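Next comes coords.pdb, with PDB, C-alpha atoms, pLDDT in the B column.
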ATOM      1  CA  MET A 192      -6.558  15.001  10.661  1.00 79.00           C
ATOM      2  CA  ASP A 193      -3.318  13.083  11.277  1.00 91.00           C
ATOM      3  CA  THR A 194      -3.203   9.591   9.788  1.00 95.00           C
ATOM      4  CA  MET A 195      -1.746   6.807  11.929  1.00 97.00           C
ATOM      5  CA  VAL A 196      -0.743   3.633  10.072  1.00 98.00           C
ATOM      6  CA  ILE A 197      -0.350   0.551  12.261  1.00 98.00           C
ATOM      7  CA  SER A 198       0.972  -2.789  11.044  1.00 97.00           C
ATOM      8  CA  LEU A 199      -0.718  -4.985  13.659  1.00 97.00           C
ATOM      9  CA  GLY A 200       0.965  -8.371  13.905  1.00 94.00           C
ATOM     10  CA  GLY A 201      -1.231 -11.441  13.900  1.00 94.00           C
ATOM     11  CA  SER A 202       0.930 -12.825  16.705  1.00 92.00           C
ATOM     12  CA  ILE A 203      -0.576 -10.287  19.099  1.00 94.00           C
ATOM     13  CA  ILE A 204      -4.122 -10.591  17.776  1.00 96.00           C
ATOM     14  CA  VAL A 205      -4.007 -14.372  18.212  1.00 94.00           C
ATOM     15  CA  PRO A 206      -0.876 -15.336  20.192  1.00 92.00           C
ATOM     16  CA  GLY A 207      -2.415 -18.771  20.866  1.00 88.00           C
ATOM     17  CA  GLU A 208      -5.969 -17.923  21.680  1.00 92.00           C
ATOM     18  CA  ILE A 209      -7.516 -14.610  20.614  1.00 95.00           C
ATOM     19  CA  ASP A 210      -6.193 -11.920  22.972  1.00 96.00           C
ATOM     20  CA  THR A 211      -9.481 -10.302  23.969  1.00 97.00           C
ATOM     21  CA  LYS A 212      -7.887  -8.123  26.641  1.00 97.00           C
ATOM     22  CA  PHE A 213      -5.396  -6.618  24.185  1.00 97.00           C
ATOM     23  CA  LEU A 214      -8.052  -6.028  21.527  1.00 98.00           C
ATOM     24  CA  LYS A 215     -10.383  -4.272  23.966  1.00 98.00           C
ATOM     25  CA  ARG A 216      -7.627  -1.887  25.075  1.00 97.00           C
ATOM     26  CA  PHE A 217      -6.498  -1.345  21.493  1.00 98.00           C
ATOM     27  CA  ARG A 218     -10.051  -0.430  20.513  1.00 98.00           C
ATOM     28  CA  GLU A 219     -10.377   1.972  23.460  1.00 97.00           C
ATOM     29  CA  ILE A 220      -7.190   3.831  22.506  1.00 97.00           C
ATOM     30  CA  VAL A 221      -8.197   4.203  18.857  1.00 97.00           C
ATOM     31  CA  LEU A 222     -11.665   5.457  19.775  1.00 96.00           C
ATOM     32  CA  THR A 223     -10.294   7.869  22.393  1.00 95.00           C
ATOM     33  CA  LEU A 224      -7.940   9.639  19.971  1.00 95.00           C
ATOM     34  CA  GLU A 225     -10.719  11.334  18.049  1.00 93.00           C
ATOM     35  CA  THR A 226      -8.475  13.739  16.128  1.00 94.00           C
ATOM     36  CA  LYS A 227      -6.558  10.946  14.409  1.00 95.00           C
ATOM     37  CA  ARG A 228      -7.415   8.661  11.505  1.00 96.00           C
ATOM     38  CA  PHE A 229      -6.253   5.046  11.763  1.00 98.00           C
ATOM     39  CA  LEU A 230      -5.263   2.632   9.022  1.00 98.00           C
ATOM     40  CA  ILE A 231      -4.750  -0.733  10.717  1.00 98.00           C
ATOM     41  CA  ILE A 232      -3.255  -3.522   8.615  1.00 98.00           C
ATOM     42  CA  CYS A 233      -3.545  -6.941  10.235  1.00 98.00           C
ATOM     43  CA  GLY A 234      -0.982  -9.725   9.936  1.00 95.00           C
ATOM     44  CA  GLY A 235      -1.416 -13.490  10.045  1.00 92.00           C
ATOM     45  CA  GLY A 236       0.939 -14.376  12.883  1.00 86.00           C
ATOM     46  CA  THR A 237       0.843 -17.693  14.721  1.00 88.00           C
ATOM     47  CA  ILE A 238      -2.279 -19.058  13.088  1.00 88.00           C
ATOM     48  CA  CYS A 239      -0.799 -18.355   9.656  1.00 91.00           C
ATOM     49  CA  ARG A 240       2.416 -20.211  10.489  1.00 90.00           C
ATOM     50  CA  LYS A 241       0.506 -23.177  11.914  1.00 92.00           C
ATOM     51  CA  TYR A 242      -1.453 -23.639   8.693  1.00 94.00           C
ATOM     52  CA  GLN A 243       1.660 -23.162   6.565  1.00 93.00           C
ATOM     53  CA  SER A 244       3.590 -25.677   8.653  1.00 94.00           C
ATOM     54  CA  VAL A 245       0.867 -28.310   8.379  1.00 95.00           C
ATOM     55  CA  ALA A 246       0.531 -27.801   4.618  1.00 94.00           C
ATOM     56  CA  ALA A 247       4.287 -28.210   4.120  1.00 93.00           C
ATOM     57  CA  GLU A 248       4.315 -31.305   6.349  1.00 95.00           C
ATOM     58  CA  ILE A 249       1.619 -33.049   4.315  1.00 96.00           C
ATOM     59  CA  ALA A 250       3.037 -32.402   0.840  1.00 95.00           C
ATOM     60  CA  PRO A 251       5.485 -30.206  -1.085  1.00 95.00           C
ATOM     61  CA  VAL A 252       3.776 -26.832  -1.297  1.00 94.00           C
ATOM     62  CA  PRO A 253       4.934 -23.972  -3.568  1.00 95.00           C
ATOM     63  CA  LYS A 254       5.872 -20.734  -1.830  1.00 92.00           C
ATOM     64  CA  THR A 255       3.035 -18.982  -3.626  1.00 94.00           C
ATOM     65  CA  ASP A 256       0.482 -21.342  -2.064  1.00 95.00           C
ATOM     66  CA  LEU A 257       2.034 -20.860   1.372  1.00 93.00           C
ATOM     67  CA  ASP A 258       1.685 -17.122   0.851  1.00 93.00           C
ATOM     68  CA  TRP A 259      -1.986 -17.514  -0.062  1.00 96.00           C
ATOM     69  CA  ILE A 260      -2.556 -19.433   3.179  1.00 95.00           C
ATOM     70  CA  GLY A 261      -0.956 -16.531   5.039  1.00 93.00           C
ATOM     71  CA  ILE A 262      -3.021 -13.964   3.148  1.00 95.00           C
ATOM     72  CA  GLN A 263      -6.260 -15.699   4.103  1.00 96.00           C
ATOM     73  CA  ALA A 264      -5.142 -15.750   7.762  1.00 96.00           C
ATOM     74  CA  THR A 265      -4.552 -11.993   7.650  1.00 96.00           C
ATOM     75  CA  ARG A 266      -8.012 -11.455   6.203  1.00 98.00           C
ATOM     76  CA  LEU A 267      -9.694 -13.462   8.959  1.00 97.00           C
ATOM     77  CA  ASN A 268      -7.822 -11.471  11.624  1.00 97.00           C
ATOM     78  CA  ALA A 269      -8.730  -8.242   9.842  1.00 98.00           C
ATOM     79  CA  GLU A 270     -12.440  -9.094   9.738  1.00 98.00           C
ATOM     80  CA  LEU A 271     -12.330  -9.605  13.498  1.00 98.00           C
ATOM     81  CA  VAL A 272     -10.646  -6.234  14.054  1.00 98.00           C
ATOM     82  CA  ARG A 273     -12.986  -4.455  11.617  1.00 98.00           C
ATOM     83  CA  SER A 274     -16.052  -5.878  13.338  1.00 98.00           C
ATOM     84  CA  MET A 275     -15.008  -4.661  16.776  1.00 97.00           C
ATOM     85  CA  PHE A 276     -15.044  -1.031  15.590  1.00 97.00           C
ATOM     86  CA  GLY A 277     -18.601  -1.359  14.225  1.00 96.00           C
ATOM     87  CA  PRO A 278     -19.909   1.701  12.333  1.00 95.00           C
ATOM     88  CA  MET A 279     -16.740   3.661  13.179  1.00 95.00           C
ATOM     89  CA  ALA A 280     -14.849   1.591  10.587  1.00 97.00           C
ATOM     90  CA  TYR A 281     -15.014   1.426   6.803  1.00 96.00           C
ATOM     91  CA  HIS A 282     -17.509  -1.310   5.955  1.00 95.00           C
ATOM     92  CA  LYS A 283     -15.034  -3.717   4.338  1.00 96.00           C
ATOM     93  CA  VAL A 284     -11.444  -4.866   4.766  1.00 97.00           C
ATOM     94  CA  ILE A 285      -9.002  -3.332   2.261  1.00 96.00           C
ATOM     95  CA  HIS A 286      -6.907  -5.814   0.277  1.00 96.00           C
ATOM     96  CA  ASP A 287      -5.575  -3.832  -2.690  1.00 96.00           C
ATOM     97  CA  PRO A 288      -3.709  -0.766  -1.317  1.00 94.00           C
ATOM     98  CA  ASP A 289      -4.363   1.061  -4.596  1.00 94.00           C
ATOM     99  CA  GLY A 290      -8.020   0.049  -4.906  1.00 92.00           C
ATOM    100  CA  PRO A 291     -11.083   2.318  -4.574  1.00 90.00           C
ATOM    101  CA  MET A 292     -11.541   3.698  -1.063  1.00 88.00           C
ATOM    102  CA  ASP A 293     -14.033   6.545  -0.985  1.00 86.00           C
ATOM    103  CA  THR A 294     -14.751   7.019   2.692  1.00 91.00           C
ATOM    104  CA  ASP A 295     -14.527   9.546   5.492  1.00 92.00           C
ATOM    105  CA  LYS A 296     -14.492   6.836   8.169  1.00 95.00           C
ATOM    106  CA  ARG A 297     -11.868   7.370  10.847  1.00 96.00           C
ATOM    107  CA  VAL A 298     -10.890   3.683  11.012  1.00 98.00           C
ATOM    108  CA  ILE A 299      -9.884   1.614   7.978  1.00 97.00           C
ATOM    109  CA  ILE A 300      -8.782  -2.007   8.300  1.00 98.00           C
ATOM    110  CA  GLY A 301      -6.489  -3.734   5.808  1.00 97.00           C
ATOM    111  CA  ALA A 302      -5.095  -7.227   5.208  1.00 98.00           C
ATOM    112  CA  GLY A 303      -2.920  -9.193   2.792  1.00 96.00           C
ATOM    113  CA  PHE A 304      -3.260  -8.696  -0.954  1.00 96.00           C
ATOM    114  CA  GLU A 305      -0.964 -10.866  -3.063  1.00 93.00           C
ATOM    115  CA  PRO A 306       2.013 -13.256  -2.652  1.00 93.00           C
ATOM    116  CA  GLY A 307       5.592 -12.052  -2.354  1.00 89.00           C
ATOM    117  CA  SER A 308       5.557  -9.973   0.830  1.00 86.00           C
ATOM    118  CA  SER A 309       3.856  -9.534   4.195  1.00 88.00           C
ATOM    119  CA  THR A 310       1.242  -7.046   5.336  1.00 93.00           C
ATOM    120  CA  ASP A 311       4.132  -4.756   6.340  1.00 93.00           C
ATOM    121  CA  LEU A 312       4.362  -3.835   2.661  1.00 94.00           C
ATOM    122  CA  ARG A 313       0.637  -3.010   2.547  1.00 95.00           C
ATOM    123  CA  ALA A 314       1.167  -0.724   5.539  1.00 96.00           C
ATOM    124  CA  VAL A 315       3.999   1.069   3.714  1.00 97.00           C
ATOM    125  CA  GLN A 316       1.895   1.423   0.552  1.00 96.00           C
ATOM    126  CA  LEU A 317      -1.089   2.811   2.460  1.00 96.00           C
ATOM    127  CA  ALA A 318       1.170   5.213   4.356  1.00 96.00           C
ATOM    128  CA  GLN A 319       2.338   6.537   0.982  1.00 96.00           C
ATOM    129  CA  ARG A 320      -1.213   6.797  -0.306  1.00 95.00           C
ATOM    130  CA  PHE A 321      -2.454   8.735   2.719  1.00 94.00           C
ATOM    131  CA  ALA A 322       0.730  10.787   3.211  1.00 94.00           C
ATOM    132  CA  ALA A 323       1.343   9.390   6.699  1.00 95.00           C
ATOM    133  CA  ALA A 324       4.620  10.310   8.374  1.00 92.00           C
ATOM    134  CA  GLN A 325       5.389   6.839   9.686  1.00 96.00           C
ATOM    135  CA  VAL A 326       4.317   3.215  10.085  1.00 98.00           C
ATOM    136  CA  ILE A 327       3.962   1.837  13.605  1.00 98.00           C
ATOM    137  CA  ASN A 328       4.808  -1.853  13.740  1.00 97.00           C
ATOM    138  CA  MET A 329       3.289  -3.846  16.606  1.00 96.00           C
ATOM    139  CA  SER A 330       4.283  -7.484  16.979  1.00 92.00           C
ATOM    140  CA  ASN A 331       5.951  -9.800  19.481  1.00 88.00           C
ATOM    141  CA  ILE A 332       9.285  -8.111  18.679  1.00 88.00           C
ATOM    142  CA  ASP A 333       9.813  -5.111  20.960  1.00 91.00           C
ATOM    143  CA  TYR A 334      13.086  -3.741  19.558  1.00 94.00           C
ATOM    144  CA  VAL A 335      15.480  -4.225  16.713  1.00 94.00           C
ATOM    145  CA  TYR A 336      18.587  -6.003  18.056  1.00 91.00           C
ATOM    146  CA  SER A 337      22.169  -5.931  16.832  1.00 88.00           C
ATOM    147  CA  ASP A 338      21.905  -9.716  16.312  1.00 84.00           C
ATOM    148  CA  ASP A 339      19.350 -12.485  16.846  1.00 81.00           C
ATOM    149  CA  PRO A 340      18.854 -12.415  20.663  1.00 82.00           C
ATOM    150  CA  LYS A 341      17.684 -16.050  20.611  1.00 80.00           C
ATOM    151  CA  LYS A 342      21.085 -17.103  19.274  1.00 85.00           C
ATOM    152  CA  ASN A 343      23.338 -14.415  20.694  1.00 87.00           C
ATOM    153  CA  PRO A 344      22.867 -13.489  24.376  1.00 86.00           C
ATOM    154  CA  ASP A 345      25.109 -10.461  23.825  1.00 88.00           C
ATOM    155  CA  ALA A 346      22.793  -8.945  21.193  1.00 88.00           C
ATOM    156  CA  GLU A 347      21.978  -5.342  22.072  1.00 92.00           C
ATOM    157  CA  GLN A 348      18.769  -3.351  21.747  1.00 93.00           C
ATOM    158  CA  VAL A 349      18.918  -0.654  19.102  1.00 95.00           C
ATOM    159  CA  THR A 350      16.754   2.446  19.555  1.00 96.00           C
ATOM    160  CA  ASN A 351      17.665   4.218  16.292  1.00 97.00           C
ATOM    161  CA  ILE A 352      18.933   2.685  13.080  1.00 97.00           C
ATOM    162  CA  SER A 353      19.282   3.758   9.445  1.00 97.00           C
ATOM    163  CA  TRP A 354      17.555   1.867   6.650  1.00 96.00           C
ATOM    164  CA  PRO A 355      20.846   0.662   5.119  1.00 96.00           C
ATOM    165  CA  ASP A 356      21.989  -0.760   8.462  1.00 94.00           C
ATOM    166  CA  PHE A 357      18.592  -2.297   9.195  1.00 94.00           C
ATOM    167  CA  ARG A 358      18.431  -3.952   5.789  1.00 94.00           C
ATOM    168  CA  LYS A 359      21.825  -5.546   6.417  1.00 91.00           C
ATOM    169  CA  LEU A 360      20.233  -7.256   9.425  1.00 87.00           C
ATOM    170  CA  VAL A 361      17.066  -8.534   7.705  1.00 88.00           C
ATOM    171  CA  GLY A 362      18.407  -9.221   4.209  1.00 87.00           C
ATOM    172  CA  ASP A 363      16.566  -8.880   0.900  1.00 86.00           C
ATOM    173  CA  GLU A 364      14.625 -12.125   0.553  1.00 83.00           C
ATOM    174  CA  TRP A 365      10.989 -12.799   1.439  1.00 83.00           C
ATOM    175  CA  ASP A 366       9.944 -16.235   2.660  1.00 79.00           C
ATOM    176  CA  PRO A 367       6.358 -17.155   3.646  1.00 77.00           C
ATOM    177  CA  GLY A 368       5.969 -17.045   7.433  1.00 65.00           C
ATOM    178  CA  LEU A 369       9.195 -15.077   7.894  1.00 71.00           C
ATOM    179  CA  ASN A 370       9.418 -13.671  11.443  1.00 74.00           C
ATOM    180  CA  MET A 371      11.421 -10.438  11.242  1.00 80.00           C
ATOM    181  CA  PRO A 372      11.014  -7.022  12.882  1.00 88.00           C
ATOM    182  CA  PHE A 373       9.907  -5.711   9.464  1.00 91.00           C
ATOM    183  CA  ASP A 374       9.499  -7.519   6.149  1.00 89.00           C
ATOM    184  CA  PRO A 375      12.597  -7.141   3.857  1.00 92.00           C
ATOM    185  CA  ILE A 376      10.443  -6.213   0.848  1.00 91.00           C
ATOM    186  CA  ALA A 377       8.538  -3.600   2.860  1.00 93.00           C
ATOM    187  CA  SER A 378      11.861  -2.307   4.204  1.00 95.00           C
ATOM    188  CA  ARG A 379      13.235  -1.799   0.717  1.00 94.00           C
ATOM    189  CA  THR A 380      10.118   0.122  -0.287  1.00 95.00           C
ATOM    190  CA  ALA A 381      10.070   2.223   2.895  1.00 96.00           C
ATOM    191  CA  GLU A 382      13.711   3.183   2.395  1.00 96.00           C
ATOM    192  CA  ALA A 383      13.070   4.134  -1.233  1.00 96.00           C
ATOM    193  CA  VAL A 384      10.247   6.534  -0.327  1.00 95.00           C
ATOM    194  CA  GLY A 385      11.896   7.916   2.835  1.00 95.00           C
ATOM    195  CA  LEU A 386       9.306   6.537   5.254  1.00 97.00           C
ATOM    196  CA  LYS A 387       9.956   6.162   8.977  1.00 97.00           C
ATOM    197  CA  VAL A 388       9.023   2.901  10.708  1.00 98.00           C
ATOM    198  CA  VAL A 389       8.742   2.487  14.481  1.00 98.00           C
ATOM    199  CA  ILE A 390       9.010  -0.979  16.083  1.00 97.00           C
ATOM    200  CA  ILE A 391       7.297  -1.044  19.490  1.00 96.00           C
ATOM    201  CA  GLY A 392       6.327  -4.604  20.441  1.00 93.00           C
ATOM    202  CA  ASN A 393       2.943  -5.487  21.929  1.00 94.00           C
ATOM    203  CA  ASP A 394       2.705  -3.226  24.996  1.00 95.00           C
ATOM    204  CA  ILE A 395      -0.582  -1.345  24.592  1.00 95.00           C
ATOM    205  CA  ARG A 396       0.435   1.426  27.009  1.00 96.00           C
ATOM    206  CA  ASN A 397       3.610   1.934  24.997  1.00 97.00           C
ATOM    207  CA  LEU A 398       1.465   2.366  21.867  1.00 97.00           C
ATOM    208  CA  GLU A 399      -0.622   4.987  23.638  1.00 96.00           C
ATOM    209  CA  LYS A 400       2.520   6.926  24.612  1.00 96.00           C
ATOM    210  CA  LEU A 401       3.745   6.913  21.023  1.00 96.00           C
ATOM    211  CA  LEU A 402       0.389   8.057  19.660  1.00 96.00           C
ATOM    212  CA  ARG A 403       0.329  10.894  22.208  1.00 94.00           C
ATOM    213  CA  ASP A 404       3.888  11.972  21.308  1.00 94.00           C
ATOM    214  CA  GLU A 405       5.221  10.903  24.691  1.00 96.00           C
ATOM    215  CA  PRO A 406       8.526   9.062  25.284  1.00 96.00           C
ATOM    216  CA  PHE A 407       8.151   5.383  24.308  1.00 96.00           C
ATOM    217  CA  ARG A 408      10.199   2.195  24.152  1.00 96.00           C
ATOM    218  CA  GLY A 409      11.145   0.817  20.761  1.00 97.00           C
ATOM    219  CA  THR A 410      13.266   1.245  17.641  1.00 97.00           C
ATOM    220  CA  THR A 411      12.975   3.988  15.043  1.00 97.00           C
ATOM    221  CA  ILE A 412      14.143   3.102  11.524  1.00 97.00           C
ATOM    222  CA  ALA A 413      14.708   6.050   9.181  1.00 96.00           C
TER     223      ALA A 413
END

Structure encoded using structure tokens:
Amino acid sequence: MDTMVISLGGSIIVPGEIDTKFLKRFREIVLTLETKRFLIICGGGTICRKYQSVAAEIAPVPKTDLDWIGIQATRLNAELVRSMFGPMAYHKVIHDPDGPMDTDKRVIIGAGFEPGSSTDLRAVQLAQRFAAAQVINMSNIDYVYSDDPKKNPDAEQVTNISWPDFRKLVGDEWDPGLNMPFDPIASRTAEAVGLKVVIIGNDIRNLEKLLRDEPFRGTTIA
């Protein structure tokens, strides 16, 4: 059974309010593809950044504490996603990517574990553990761009990029609440183990095309 690892951004689980329409379609696609196993690692997204912003506004907060706020946000999002798969999913959310996981369930949900990186790193670690060929990254970023498109209107979409070139774009430093196509720490790890990462945005039909090996829109990093 092929293993699909999806880093599911919190910004598309809860872009403002919980996106029920997206989650219903996401669930339908996962349940329909019965020959595939899914490891879905949920991010914190907007709700995470709101809590971090408020904490930092009230008092000086160490980066480690800001990370813990983010981790708890990922775990709440993950409990929501786990619950919607019912008995199809492993009965608890995975935090430690190296922890015990004796199950034949077709759906496993993960969340944040410890400070110093985002859930993108957990996705990379679980992909290694389960010998998955790639990590699919779904967020509100649909492509990697040659520059920040919010600052540079001439920034171009990139459909294929090497890890060295991608890491030049995102840098090497992690900061709590960082909004990048893929976490710099996770990128370093993925490059080291030769893992492919696909950035596809939040279009649920586009995800379905990718999972069915059909042409899709997005960026492949390898």

All residues 6 Å or closer to Thr265 of chain A, only C-alpha atoms, same chain fewer than 3 positions away omitted, as a VMD selection string: chain A and resid 233 to 235 262 268 302 to 303

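Here atom CA of Ala377 of chain A is placed at a distance of 20.8 Å from atom CA of Ile204 of chain A.
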
Picked residues, the PyMOL selection byres ((chain A and resi 214-228) around 6), expected as a PyMOL selection string: chain A and resi 192-195+211-213+229+297

Residue contacts of Gly261 of chain A (9 Å, only C-alpha atoms) excluding same-chain residues fewer than 3 positions away, as a ChimeraX atom specification: /A:234-236,238-240,242-243,256-258,264-266,303,306,309,367-368

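Separating atom CA of Ala383 of chain A from atom CA of Phe357 of chain A is a distance of 13.4 Å.
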
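Between atom CA of Gly301 of chain A and atom CA of Ser198 of chain A there is a distance of 9.2 Å.
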
9 Å contact set for Tyr334 of chain A, all atoms listed in the file, chain neighbours under 5 positions out, as a ChimeraX atom specification: /A:348-350,372,390-392,408-411

Distance criterion (only C-alpha atoms): nearest to Leu267 of chain A out of A:Pro253, A:Val205, A:Ile299, A:Gly290: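 Of the candidates, the smallest distance to Leu267 of chain A is held by A:Val205.
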
Residues in the PyMOL selection byres ((chain A and resi 352) around 6), expressed as a compact mmCIF listing (two decimals) with C-alpha atoms, in the frame of the given file:
# COMPACT_ATOMS: atom_id res chain seq x y z
CA ASN A 351 17.66 4.22 16.29
CA SER A 353 19.28 3.76 9.44
CA ILE A 412 14.14 3.10 11.52
